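**Student:** I have a structure here, written as structure tokens, and I will follow up with some questions on it.
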Amino acid sequence: MSFTTEIKRELVRTSPDSREGCLALLQAAIMTCGERTEEGFSFVSENESVAAYLLGIAEKCSCPMLLTAAVRDRRHGRDKLTFAAAGEEARRRAEEIFSQDFSEEETALSFLKGAFLGGGSCILPRGENKTGYHLEFVFPSLSDAALLEEVFHRLLLLCGMVERADKYVIYCKSREGIGDLLSMLGAERSLKLLERTAAERDERNNRNRLENCTAGNVDRSLTASAQQIRTLASLSEGELMALPEPLKETAKARIDNPTFTYTELAAHLGITKSCLQRRLKKLMSLGETP
């Protein structure tokens, strides 16, 4: 199941308490997946649970809707269901639906919920997926998209707007912003899934950074070892034999163990890492003496 489906399944479990909230939800759904007509209004849905939910909200607002068309979407293997309300009563209800005030938090959140049910989607990074976090709402109309943008700002939520082909998209790519939105909408299960995915991704990224850092340290260690061995090889046998015993022992250990890191070489010699570094520095200075 996609994360979008998971969120929508959770959102349809609760309805706005007030009539104004229900009307605001219907308004957003019609703006994203339907249209207002001279005869009334309609919406199209491929999700049966979302369609049933919107029909229930419409019934709650005394504007029953009827199934007017069912078209098979062969590409996705689903039916596109069209529901409509027409006639004098539907026209009066449309006037009421499209005259909502979003100054109250409940109506603003209901509008946000309806927009997601009608034209929203959310993607989480999975495994090696590099797409990152992405939440978006798609609108056919710029003015309708701008209305959702205003609602985002009223609720102190982050968003951006972009035109895509002949559509207008309100989006958020912030993990924190998506989390705030899910929390406001009461989608607690989806929020927990987001947080779990984020924690797993952070752990994976930290592990990759550690592995890359370790690999980089190994590369630097091998490069330093090669340089040290070349310097020691430039010394004559007599020069090596004339070295003080600690330096002679260190030189032999480095030549015999070219892949050892400083930590491993120090442990092999039974000395501290700082003592090893001082000895190697002394040996390198001997090789640089003309």
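Letters A, B, ... go to the chains of the structure tokens in the order shown; residues in each chain start at 1; ligands are counted from 1 in the same order.
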Got a sec: who's within 10 Å of Arg91 in chain A, counting only C-alpha atoms, leaving out chain neighbours fewer than 5 positions off, as an MDAnalysis selection string?

**Tutor:** chainID A and resid 36:41 63 85:86 96:97

**Student:** Would you save the residues from that selection as a PDB file, in the first residue's frame, using C-alpha atoms?

**Tutor:**
```pdb
ATOM      1  CA  ARG A  36     -18.635  23.495 -10.314  1.00  0.00           C
ATOM      2  CA  THR A  37     -21.143  23.743 -13.181  1.00  0.00           C
ATOM      3  CA  GLU A  38     -24.181  25.793 -14.027  1.00  0.00           C
ATOM      4  CA  GLU A  39     -26.309  22.841 -12.914  1.00  0.00           C
ATOM      5  CA  GLY A  40     -24.491  22.230  -9.604  1.00  0.00           C
ATOM      6  CA  PHE A  41     -21.223  20.413  -8.944  1.00  0.00           C
ATOM      7  CA  CYS A  63     -26.821  17.894  -0.921  1.00  0.00           C
ATOM      8  CA  ALA A  85     -25.559  16.992  -7.880  1.00  0.00           C
ATOM      9  CA  ALA A  86     -27.716  19.025 -10.268  1.00  0.00           C
ATOM     10  CA  GLU A  96     -22.990  27.866   0.120  1.00  0.00           C
ATOM     11  CA  ILE A  97     -20.044  25.504  -0.482  1.00  0.00           C
TER      12      ILE A  97
END
```

**Student:** As an MDAnalysis selection string, list the residues of range 55-263 of chain A assigned to strand (DSSP E or B) by DSSP on the backbone atoms of this structure.

**Tutor:** chainID A and resid 66:73 78:86 120:123 134:139 160:164 167:172

**Student:** Once you have the residues from the selection above, write them out as a compact mmCIF listing (two decimals), in the first residue's frame, restricted to C-alpha atoms.

**Tutor:**
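Contents of the output file part28.txt:
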```txt
# COMPACT_ATOMS: atom_id res chain seq x y z
CA LEU A 66 -25.70 10.50 -7.65
CA LEU A 67 -23.35 8.27 -9.61
CA THR A 68 -23.49 9.58 -13.18
CA ALA A 69 -20.60 7.75 -14.88
CA ALA A 70 -18.12 4.90 -14.38
CA VAL A 71 -15.19 4.74 -16.80
CA ARG A 72 -12.59 1.96 -16.68
CA ASP A 73 -9.02 3.22 -16.40
CA ARG A 78 -9.55 0.97 -11.74
CA ASP A 79 -12.92 2.59 -12.37
CA LYS A 80 -13.18 6.37 -12.43
CA LEU A 81 -16.46 7.12 -10.72
CA THR A 82 -18.22 10.44 -11.35
CA PHE A 83 -20.78 11.74 -8.85
CA ALA A 84 -22.87 14.84 -9.42
CA ALA A 85 -25.56 16.99 -7.88
CA ALA A 86 -27.72 19.03 -10.27
CA GLY A 120 -3.10 15.02 -2.70
CA SER A 121 -0.21 12.57 -2.64
CA CYS A 122 2.79 11.94 -0.44
CA ILE A 123 6.00 10.00 -1.13
CA HIS A 134 7.48 14.95 -1.16
CA LEU A 135 3.92 16.05 -0.41
CA GLU A 136 1.79 17.74 -3.05
CA PHE A 137 -1.73 18.91 -3.91
CA VAL A 138 -2.68 19.30 -7.58
CA PHE A 139 -5.21 21.91 -8.76
CA GLY A 160 5.67 26.19 -2.20
CA MET A 161 3.79 26.52 -5.48
CA VAL A 162 4.83 25.50 -8.98
CA GLU A 163 3.10 25.24 -12.36
CA ARG A 164 3.31 21.79 -13.95
CA LYS A 167 -1.85 22.20 -13.45
CA TYR A 168 -0.82 24.09 -10.31
CA VAL A 169 0.91 22.25 -7.50
CA ILE A 170 1.20 23.17 -3.83
CA TYR A 171 4.08 21.14 -2.39
CA CYS A 172 6.21 20.52 0.69
```

**Student:** Excluding Pro16 in chain A and any residue of its chain fewer than 4 positions from it, enumerate the residues within 7 Å of it, using only C-alpha atoms, and give them as a list in words.

**Tutor:** Gly21, Cys22 and Ser110 of chain A

**Student:** Of the residues A:Glu176, A:Glu88, A:Glu48, A:Glu149, which is the one nearest to Tyr133 in chain A, using only C-alpha atoms?

**Tutor:**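 Once distances to Tyr133 in chain A are computed over only C-alpha atoms, the minimum belongs to A:Glu176.
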
**Student:** Based on DSSP run over this structure's backbone, return all residues of range 45-115 of chain A in alpha helix (DSSP H), as a PyMOL selection string.

**Tutor:** chain A and resi 48-60+88-97+105-115
